[in-house]
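Peer 1: Below you will find the structure I want to go over with you.
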Amino acid sequence: MITQIVVTSAAVEIAERRGAYPGAGVYAGRPHAIVQRAFIALRTSNMLAFLTGFVEPVLFLLAFGYGLGGLVGGVDAQGQDLSYAAFIAPALLASSAMNGAIFDATYNVYFKMHYGRIYQGMLSTSLGPLDVALGEIGWAMLRGATYAVGFMSVTAVFGLVPTWWALLTIPAAVLIAFAFSAIGMACTSYMTSFQQLNWLNFWLLPMFLFSGTFFPISSYPGWLQPVIEITPLAQAIEMVRSIWFGQFDLGLAVNVLYFVAFSVVGAGLTTRRLTALFLR
Amino acid sequence: MIRASGLTKRYDDFTAVDGIDFEVARGESFGILGPNGAGKSTTMRMIAATLLRTSGDLTILGKDPSKEGPAIRAHLGVVPQQDNNDAELTVRENLYVYGRYFGLPRSYLNPRIDELLAFAQLEDKRDTKIDALSGGMKRRLTIARGLVNDPEILMLDEPTTGLDPQARHILWDRLFRLKEDGATLVVTTHHMDEAEQLCDRLVVMDRGRIVAEGTPASLIREYASKEVVEVRFGSDRNAEIAPLIADIGQRTEVLPDRILIYTETGEESLQAIVARGFAPVTSLVRRSSLEDVFLRLTGRTLEDE
């Protein structure tokens, strides 16, 4: 018999400690390592692209809220007579959370998956696929939520924040961003060509325009309203708008459940797909 | 450390690895030699716990990769065939972030990274982004990255393919140092000189099967003669002349561009060919190599597709 020399490196010790937990094959408890990578990459390479994300919703607020808003006058919504800028501000906040999250979870994920071979590298280490999924989705969530916070500060400066309740739209934006990045990453992980990413724009732009962002959903004919209402951005805008104006009801709980479901399904599918692509 | 028996990977209608058996011991440098498509990379990925096997047994340090993937990967350093360094990060950040994937703390990583940068001769490139590195530097970074977790087994898939000769020699020197320090290496290659340089023991793979196993020297002894005479008569005449000189050596191989004559005494055999009145356009007497072993075993050269 050959005596086995026991050599234990720090990395092995860390992995073995985790090995005792159920699910150790898919989750090593380290999504934060992925988020940390994204932070470092942001500092080294992606700062400019990141900063431009703050500007976009502000431009919409200026052009539509104040430019077009001057022609529109007031809007009767949420049981109040609102200025047009005040009406679209919470919707733009919800959209900025979505856009920030979706960009990272789609274009950037596609690039890392197919050109950068980044996930292949990550999954050659003791990380599991759920770490990678949660880390990447978590980072996209942070990005979306950061834009939402940034935009909220701008609206506060413009005097558009009606009550302190509006602060609760931040956790709502975090949930929205997580759900969109989870679904976005799940969809992206099934894409096999760059052209398919263009389908995303095909959906995103109309969603942005027609989800009750710039005019209330009540302006649609009756049969169309429920169809619009179940789309994700309409849900997000409805949720943020009612919190923004301090109106809490059962509808809000439905909104929250809707996004929790999206988050779980998205993270689950992403994990499955990462496993199929890199660990099969 | 690694034990495979009947290891098989089958895709829908294609068997990439077809029931292979091998073992790798601690401190050994084990090579898998074969042409492209022989199943080398597939074997590597199964060992690296990033590809599930279809059937057969495989244990790495006593663990089953289909059950304990992350735990096995903590023991391994992986250098894939194509570099996959993180282009959004600098050289130093690549090493740091990779170490973080293993859960290693900053206090462990900082001194480790300095060592690795010195080992990879990349100290003055530490704050450079990946795109600005040469091919050889990227490769050395990938190897340094594979060492960040102090792995017990370093897996190198075609470590020097695509590099210029100078960069190759630098890399071989680095890998040789690791070997001297007692690292266990698993290397795939289709360059026989690389296999001769780096491997204590190797298997020759062809079409998903192991066709021979041994040390580079024993394989050459067993499957080739001591020396080889290569003669070229021009592509039209090679096949025509080959039978007329076949009795000179122990064995003759006719390739499209040249004839190989396996013999114990190369110079004498060459003289014998010339004495028969066949004057080759070019001729070369050399020692047999693993290339000849491969040719003998499969009837093809390693560079053939």
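Residue numbering restarts at 1 for every chain of the structure tokens, chains are lettered A, B, ... in their displayed order, and ligands are numbered from 1 as they appear.
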Report as an NGL selection string the set of chain B residues whose atoms approach chain A to within 6 Å, with distances computed over only C-alpha atoms.
Peer 2: :B and (50-52 or 68-71 or 73-75 or 84 or 88-89 or 97 or 100-102 or 149)
Peer 1: Take the selection from the previous step and output its residues with N, CA and C atoms, as a CSV table (one decimal), in the first residue's frame.
Peer 2:
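Result file is selection.csv:
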```csv
chain,number,residue,atom,x,y,z
B,50,THR,N,-15.8,19.3,-15.2
B,50,THR,CA,-16.6,20.2,-15.9
B,50,THR,C,-17.4,19.5,-17.1
B,51,LEU,N,-17.3,18.2,-17.1
B,51,LEU,CA,-18.0,17.4,-18.2
B,51,LEU,C,-18.3,16.1,-17.5
B,52,LEU,N,-19.6,15.7,-17.6
B,52,LEU,CA,-20.0,14.4,-17.0
B,52,LEU,C,-19.6,13.3,-18.0
B,68,GLU,N,-19.2,15.4,-6.6
B,68,GLU,CA,-18.5,16.4,-5.8
B,68,GLU,C,-17.7,17.4,-6.7
B,69,GLY,N,-18.4,17.9,-7.7
B,69,GLY,CA,-17.7,18.8,-8.6
B,69,GLY,C,-16.9,19.9,-8.0
B,70,PRO,N,-17.6,20.8,-7.2
B,70,PRO,CA,-16.8,21.9,-6.7
B,70,PRO,C,-15.7,21.5,-5.8
B,71,ALA,N,-15.9,20.4,-5.0
B,71,ALA,CA,-14.8,20.0,-4.0
B,71,ALA,C,-13.6,19.5,-4.8
B,73,ARG,N,-12.8,20.4,-7.9
B,73,ARG,CA,-12.2,21.5,-8.6
B,73,ARG,C,-11.4,22.4,-7.7
B,74,ALA,N,-11.6,22.3,-6.4
B,74,ALA,CA,-10.8,23.1,-5.5
B,74,ALA,C,-9.3,22.5,-5.4
B,75,HIS,N,-9.2,21.3,-5.8
B,75,HIS,CA,-7.8,20.6,-5.8
B,75,HIS,C,-7.1,20.9,-7.1
B,84,ASN,N,-8.7,31.9,-21.4
B,84,ASN,CA,-10.0,32.6,-21.0
B,84,ASN,C,-9.8,33.5,-19.9
B,88,GLU,N,-11.7,42.2,-19.0
B,88,GLU,CA,-12.1,43.5,-18.4
B,88,GLU,C,-11.2,43.8,-17.2
B,89,LEU,N,-10.3,42.9,-16.9
B,89,LEU,CA,-9.5,43.1,-15.7
B,89,LEU,C,-8.0,43.2,-16.1
B,97,VAL,N,-9.1,38.0,-8.6
B,97,VAL,CA,-10.5,37.6,-8.8
B,97,VAL,C,-10.6,36.0,-8.8
B,100,ARG,N,-10.4,34.7,-5.5
B,100,ARG,CA,-11.7,34.9,-4.8
B,100,ARG,C,-12.7,33.9,-5.2
B,101,TYR,N,-12.7,33.4,-6.4
B,101,TYR,CA,-13.7,32.4,-6.8
B,101,TYR,C,-13.5,31.1,-5.9
B,102,PHE,N,-12.3,30.9,-5.5
B,102,PHE,CA,-12.0,29.7,-4.6
B,102,PHE,C,-12.3,30.1,-3.2
B,149,ASN,N,-4.7,28.6,-6.5
B,149,ASN,CA,-5.3,27.9,-5.3
B,149,ASN,C,-4.3,26.8,-4.8
```
Peer 1: So which bits of segment 34-150 of chain B end up strand (DSSP E) when you DSSP the backbone, as a ChimeraX atom specification?
Peer 2: /B:55-60,76-79
Peer 1: To one decimal in Å, tell me the separation between atom CA of Asn201 of chain A and atom CA of Met98 of chain A.
Peer 2: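 Computed distance, atom CA of Asn201 of chain A to atom CA of Met98 of chain A, equals 12.8 Å.
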Peer 1: Please produce, as JSON lines, a per-residue contact table for segment 22-75 of chain A versus segment 214-219 of chain A (criterion: any atom at most 10 Å away, only C-alpha atoms considered), showing the nearest atom pair and its distance in Å to one decimal, sorted by chain then residue number.
Peer 2:
```
{"residue": "A:Phe64", "atom": "CA", "partner": "A:Phe214", "partner_atom": "CA", "distance": 8.3}
{"residue": "A:Gly65", "atom": "CA", "partner": "A:Phe214", "partner_atom": "CA", "distance": 9.0}
{"residue": "A:Val75", "atom": "CA", "partner": "A:Phe215", "partner_atom": "CA", "distance": 8.4}
```
Peer 1: Would you pick out the contacts of Tyr107 of chain A at 12 Å or less, using only C-alpha atoms, so that residues sharing its chain but fewer than 2 positions from it are not included, and give the list as a CSV table (one decimal) with all heavy atoms, in the first residue's frame?
Peer 2:
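Wrote part_18.csv, looks like this:
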```csv
chain,number,residue,atom,x,y,z
A,99,ASN,N,-34.1,48.9,-17.0
A,99,ASN,CA,-33.1,49.0,-18.1
A,99,ASN,C,-31.7,48.8,-17.5
A,99,ASN,O,-30.9,48.1,-18.2
A,99,ASN,CB,-33.1,50.5,-18.6
A,99,ASN,CG,-34.3,50.6,-19.6
A,99,ASN,OD1,-34.6,49.7,-20.3
A,99,ASN,ND2,-34.9,51.8,-19.7
A,100,GLY,N,-31.4,49.3,-16.4
A,100,GLY,CA,-30.0,49.0,-15.8
A,100,GLY,C,-29.8,47.6,-15.6
A,100,GLY,O,-28.7,47.1,-15.9
A,101,ALA,N,-30.8,46.9,-15.1
A,101,ALA,CA,-30.6,45.4,-14.8
A,101,ALA,C,-30.5,44.7,-16.1
A,101,ALA,O,-29.7,43.8,-16.3
A,101,ALA,CB,-31.8,44.9,-14.0
A,102,ILE,N,-31.4,45.0,-17.1
A,102,ILE,CA,-31.5,44.2,-18.3
A,102,ILE,C,-30.3,44.3,-19.1
A,102,ILE,O,-29.8,43.3,-19.8
A,102,ILE,CB,-32.8,44.5,-19.0
A,102,ILE,CG1,-33.4,43.3,-19.7
A,102,ILE,CG2,-32.5,45.5,-20.1
A,102,ILE,CD1,-34.5,42.7,-19.0
A,103,PHE,N,-29.6,45.4,-19.1
A,103,PHE,CA,-28.4,45.6,-20.0
A,103,PHE,C,-27.3,44.6,-19.5
A,103,PHE,O,-26.7,44.0,-20.4
A,103,PHE,CB,-27.9,47.0,-19.9
A,103,PHE,CG,-26.8,47.3,-20.9
A,103,PHE,CD1,-27.0,47.4,-22.2
A,103,PHE,CD2,-25.5,47.3,-20.4
A,103,PHE,CE1,-26.0,47.6,-23.1
A,103,PHE,CE2,-24.4,47.5,-21.3
A,103,PHE,CZ,-24.7,47.6,-22.6
A,104,ASP,N,-27.1,44.6,-18.2
A,104,ASP,CA,-26.0,43.7,-17.7
A,104,ASP,C,-26.4,42.3,-17.9
A,104,ASP,O,-25.6,41.4,-18.3
A,104,ASP,CB,-25.8,44.0,-16.3
A,104,ASP,CG,-24.4,44.6,-16.1
A,104,ASP,OD1,-23.4,43.9,-16.4
A,104,ASP,OD2,-24.4,45.7,-15.6
A,105,ALA,N,-27.7,42.0,-17.7
A,105,ALA,CA,-28.1,40.6,-17.7
A,105,ALA,C,-28.2,40.0,-19.1
A,105,ALA,O,-28.4,38.8,-19.3
A,105,ALA,CB,-29.4,40.4,-16.9
A,109,VAL,N,-24.0,39.6,-20.4
A,109,VAL,CA,-23.9,38.1,-20.1
A,109,VAL,C,-23.6,37.4,-21.4
A,109,VAL,O,-22.8,36.4,-21.4
A,109,VAL,CB,-25.3,37.7,-19.5
A,109,VAL,CG1,-25.5,36.2,-19.6
A,109,VAL,CG2,-25.3,38.1,-18.0
A,110,TYR,N,-24.3,37.8,-22.5
A,110,TYR,CA,-24.1,37.1,-23.8
A,110,TYR,C,-22.6,37.2,-24.1
A,110,TYR,O,-22.0,36.2,-24.5
A,110,TYR,CB,-24.9,37.7,-24.9
A,110,TYR,CG,-24.8,36.9,-26.1
A,110,TYR,CD1,-25.7,35.8,-26.3
A,110,TYR,CD2,-23.9,37.2,-27.1
A,110,TYR,CE1,-25.7,35.1,-27.5
A,110,TYR,CE2,-23.8,36.4,-28.3
A,110,TYR,CZ,-24.7,35.4,-28.4
A,110,TYR,OH,-24.6,34.6,-29.6
A,111,PHE,N,-22.0,38.3,-24.0
A,111,PHE,CA,-20.6,38.5,-24.3
A,111,PHE,C,-19.7,37.6,-23.4
A,111,PHE,O,-18.9,36.9,-23.9
A,111,PHE,CB,-20.2,39.9,-24.2
A,111,PHE,CG,-18.7,40.1,-24.6
A,111,PHE,CD1,-18.4,40.3,-25.9
A,111,PHE,CD2,-17.7,40.1,-23.6
A,111,PHE,CE1,-17.1,40.4,-26.3
A,111,PHE,CE2,-16.4,40.3,-24.0
A,111,PHE,CZ,-16.1,40.4,-25.3
A,112,LYS,N,-20.0,37.6,-22.1
A,112,LYS,CA,-19.1,36.8,-21.2
A,112,LYS,C,-19.3,35.3,-21.5
A,112,LYS,O,-18.4,34.5,-21.3
A,112,LYS,CB,-19.6,37.1,-19.8
A,112,LYS,CG,-19.1,38.4,-19.3
A,112,LYS,CD,-19.5,38.5,-17.8
A,112,LYS,CE,-19.8,39.9,-17.5
A,112,LYS,NZ,-20.4,40.0,-16.1
A,113,MET,N,-20.5,34.9,-21.9
A,113,MET,CA,-20.8,33.5,-22.2
A,113,MET,C,-20.1,33.0,-23.4
A,113,MET,O,-19.5,31.9,-23.4
A,113,MET,CB,-22.3,33.4,-22.3
A,113,MET,CG,-22.8,32.0,-22.1
A,113,MET,SD,-24.6,32.0,-21.9
A,113,MET,CE,-24.7,31.9,-20.1
A,114,HIS,N,-20.2,33.8,-24.5
A,114,HIS,CA,-19.8,33.3,-25.8
A,114,HIS,C,-18.4,33.8,-26.3
A,114,HIS,O,-17.7,33.1,-27.0
A,114,HIS,CB,-20.8,33.6,-26.9
A,114,HIS,CG,-22.1,32.9,-26.6
A,114,HIS,ND1,-22.3,31.5,-26.9
A,114,HIS,CD2,-23.2,33.3,-26.0
A,114,HIS,CE1,-23.5,31.2,-26.5
A,114,HIS,NE2,-24.1,32.2,-25.9
A,115,TYR,N,-18.0,35.0,-25.9
A,115,TYR,CA,-16.8,35.5,-26.4
A,115,TYR,C,-15.7,35.5,-25.3
A,115,TYR,O,-14.5,35.1,-25.5
A,115,TYR,CB,-16.9,36.9,-27.0
A,115,TYR,CG,-17.9,36.9,-28.2
A,115,TYR,CD1,-19.2,37.2,-28.0
A,115,TYR,CD2,-17.4,36.4,-29.4
A,115,TYR,CE1,-20.1,37.2,-29.1
A,115,TYR,CE2,-18.3,36.4,-30.5
A,115,TYR,CZ,-19.6,36.7,-30.3
A,115,TYR,OH,-20.5,36.7,-31.4
A,140,ALA,N,-26.4,42.7,-11.7
A,140,ALA,CA,-27.3,43.5,-12.5
A,140,ALA,C,-28.4,44.2,-11.7
A,140,ALA,O,-28.7,45.3,-12.0
A,140,ALA,CB,-27.9,42.5,-13.6
A,181,SER,N,-33.4,41.1,-14.1
A,181,SER,CA,-32.1,40.5,-14.5
A,181,SER,C,-32.1,39.0,-14.5
A,181,SER,O,-31.5,38.3,-15.3
A,181,SER,CB,-30.9,41.1,-13.6
A,181,SER,OG,-31.2,40.8,-12.3
A,184,GLY,N,-33.9,38.1,-17.6
A,184,GLY,CA,-33.0,38.5,-18.8
A,184,GLY,C,-31.9,37.5,-18.9
A,184,GLY,O,-31.6,37.1,-20.0
A,185,MET,N,-31.2,37.2,-17.8
A,185,MET,CA,-30.1,36.3,-17.9
A,185,MET,C,-30.6,34.9,-18.4
A,185,MET,O,-29.9,34.2,-19.1
A,185,MET,CB,-29.3,36.2,-16.6
A,185,MET,CG,-28.1,35.4,-16.7
A,185,MET,SD,-27.0,35.6,-15.3
A,185,MET,CE,-25.7,34.5,-15.7
A,187,CYS,N,-33.1,34.1,-20.3
A,187,CYS,CA,-33.4,34.2,-21.7
A,187,CYS,C,-32.1,34.2,-22.5
A,187,CYS,O,-31.9,33.4,-23.5
A,187,CYS,CB,-34.2,35.4,-22.1
A,187,CYS,SG,-35.9,35.3,-21.5
A,188,THR,N,-31.2,35.1,-22.1
A,188,THR,CA,-29.9,35.2,-22.8
A,188,THR,C,-29.1,33.9,-22.8
A,188,THR,O,-28.5,33.6,-23.8
A,188,THR,CB,-29.0,36.3,-22.1
A,188,THR,OG1,-29.8,37.5,-22.0
A,188,THR,CG2,-27.8,36.5,-22.9
A,189,SER,N,-29.2,33.1,-21.7
A,189,SER,CA,-28.4,31.9,-21.7
A,189,SER,C,-28.9,30.9,-22.7
A,189,SER,O,-28.2,30.0,-23.0
A,189,SER,CB,-28.5,31.3,-20.3
A,189,SER,OG,-29.8,30.8,-20.0
A,191,MET,N,-29.8,31.9,-25.7
A,191,MET,CA,-29.6,32.4,-27.1
A,191,MET,C,-28.3,31.9,-27.7
A,191,MET,O,-27.3,31.7,-27.0
A,191,MET,CB,-29.5,34.0,-27.0
A,191,MET,CG,-30.8,34.6,-26.7
A,191,MET,SD,-30.7,36.4,-26.6
A,191,MET,CE,-32.3,36.8,-26.0
A,193,SER,N,-27.2,33.2,-31.0
A,193,SER,CA,-26.6,34.1,-31.9
A,193,SER,C,-26.9,35.5,-31.5
A,193,SER,O,-27.9,35.8,-30.7
A,193,SER,CB,-27.2,33.9,-33.3
A,193,SER,OG,-28.5,34.5,-33.4
A,194,PHE,N,-26.1,36.4,-31.9
A,194,PHE,CA,-26.2,37.8,-31.5
A,194,PHE,C,-27.5,38.4,-32.0
A,194,PHE,O,-28.1,39.3,-31.4
A,194,PHE,CB,-25.0,38.6,-32.1
A,194,PHE,CG,-24.5,39.6,-31.1
A,194,PHE,CD1,-23.7,39.3,-30.0
A,194,PHE,CD2,-24.8,41.0,-31.3
A,194,PHE,CE1,-23.3,40.2,-29.1
A,194,PHE,CE2,-24.4,41.9,-30.4
A,194,PHE,CZ,-23.6,41.6,-29.3
A,195,GLN,N,-28.0,37.9,-33.1
A,195,GLN,CA,-29.2,38.5,-33.7
A,195,GLN,C,-30.4,38.3,-32.7
A,195,GLN,O,-31.3,39.1,-32.6
A,195,GLN,CB,-29.6,37.7,-35.0
A,195,GLN,CG,-28.9,38.3,-36.2
A,195,GLN,CD,-27.4,38.0,-36.2
A,195,GLN,OE1,-27.0,36.9,-35.8
A,195,GLN,NE2,-26.6,38.9,-36.7
A,196,GLN,N,-30.4,37.2,-32.0
A,196,GLN,CA,-31.5,36.9,-31.1
A,196,GLN,C,-31.6,38.0,-30.0
A,196,GLN,O,-32.6,38.3,-29.5
A,196,GLN,CB,-31.3,35.6,-30.4
A,196,GLN,CG,-31.6,34.5,-31.4
A,196,GLN,CD,-31.2,33.1,-30.9
A,196,GLN,OE1,-30.1,32.9,-30.4
A,196,GLN,NE2,-32.1,32.1,-31.1
A,197,LEU,N,-30.4,38.6,-29.7
A,197,LEU,CA,-30.4,39.7,-28.7
A,197,LEU,C,-31.3,40.9,-29.2
A,197,LEU,O,-31.8,41.6,-28.4
A,197,LEU,CB,-29.0,40.2,-28.4
A,197,LEU,CG,-28.2,39.4,-27.4
A,197,LEU,CD1,-26.8,39.9,-27.3
A,197,LEU,CD2,-28.9,39.6,-26.0
A,198,ASN,N,-31.3,41.0,-30.5
A,198,ASN,CA,-32.1,42.2,-31.1
A,198,ASN,C,-33.6,42.0,-30.8
A,198,ASN,O,-34.3,43.0,-30.7
A,198,ASN,CB,-31.9,42.3,-32.6
A,198,ASN,CG,-30.5,42.8,-32.9
A,198,ASN,OD1,-29.9,43.4,-32.0
A,198,ASN,ND2,-29.9,42.4,-34.0
A,199,TRP,N,-34.0,40.7,-30.6
A,199,TRP,CA,-35.4,40.5,-30.2
A,199,TRP,C,-35.8,41.2,-28.9
A,199,TRP,O,-36.9,41.6,-28.7
A,199,TRP,CB,-35.7,39.0,-30.1
A,199,TRP,CG,-35.9,38.4,-31.4
A,199,TRP,CD1,-35.0,37.8,-32.2
A,199,TRP,CD2,-37.2,38.3,-32.1
A,199,TRP,NE1,-35.6,37.3,-33.4
A,199,TRP,CE2,-36.9,37.7,-33.3
A,199,TRP,CE3,-38.5,38.8,-31.8
A,199,TRP,CZ2,-38.0,37.4,-34.3
A,199,TRP,CZ3,-39.5,38.5,-32.7
A,199,TRP,CH2,-39.2,37.9,-33.9
A,200,LEU,N,-34.8,41.3,-28.1
A,200,LEU,CA,-34.9,41.9,-26.8
A,200,LEU,C,-35.4,43.3,-27.0
A,200,LEU,O,-36.4,43.8,-26.3
A,200,LEU,CB,-33.6,41.9,-26.1
A,200,LEU,CG,-33.6,41.8,-24.6
A,200,LEU,CD1,-34.0,40.4,-24.3
A,200,LEU,CD2,-32.2,42.1,-24.1
A,201,ASN,N,-34.7,44.1,-27.9
A,201,ASN,CA,-35.1,45.5,-28.1
A,201,ASN,C,-36.5,45.5,-28.7
A,201,ASN,O,-37.3,46.4,-28.4
A,201,ASN,CB,-34.2,46.1,-29.1
A,201,ASN,CG,-32.9,46.6,-28.4
A,201,ASN,OD1,-33.0,47.0,-27.3
A,201,ASN,ND2,-31.8,46.6,-29.1
```
Peer 1: Can you tell me, as an MDAnalysis selection string, what residues are no more than 9 Å from Leu252 of chain A when counting only C-alpha atoms, ignoring any on the same chain fewer than 2 positions away?
Peer 2: chainID A and resid 238:239 242:243 247:250 254:257
Peer 1: Take the residues from that selection and write them out as a CSV table (one decimal), in the first residue's frame, keeping C-alpha atoms.
Peer 2:
```csv
chain,number,residue,atom,x,y,z
A,238,GLU,CA,-48.0,50.1,-11.1
A,239,MET,CA,-46.1,48.9,-8.0
A,242,SER,CA,-48.7,53.2,-5.8
A,243,ILE,CA,-45.9,53.1,-3.3
A,247,GLN,CA,-51.3,53.9,-1.7
A,248,PHE,CA,-51.0,50.4,-0.2
A,249,ASP,CA,-53.6,47.8,-1.1
A,250,LEU,CA,-53.9,44.1,-2.1
A,254,VAL,CA,-49.9,40.7,-6.1
A,255,ASN,CA,-47.2,42.9,-7.7
A,256,VAL,CA,-44.6,41.7,-5.2
A,257,LEU,CA,-45.5,38.0,-5.7
```
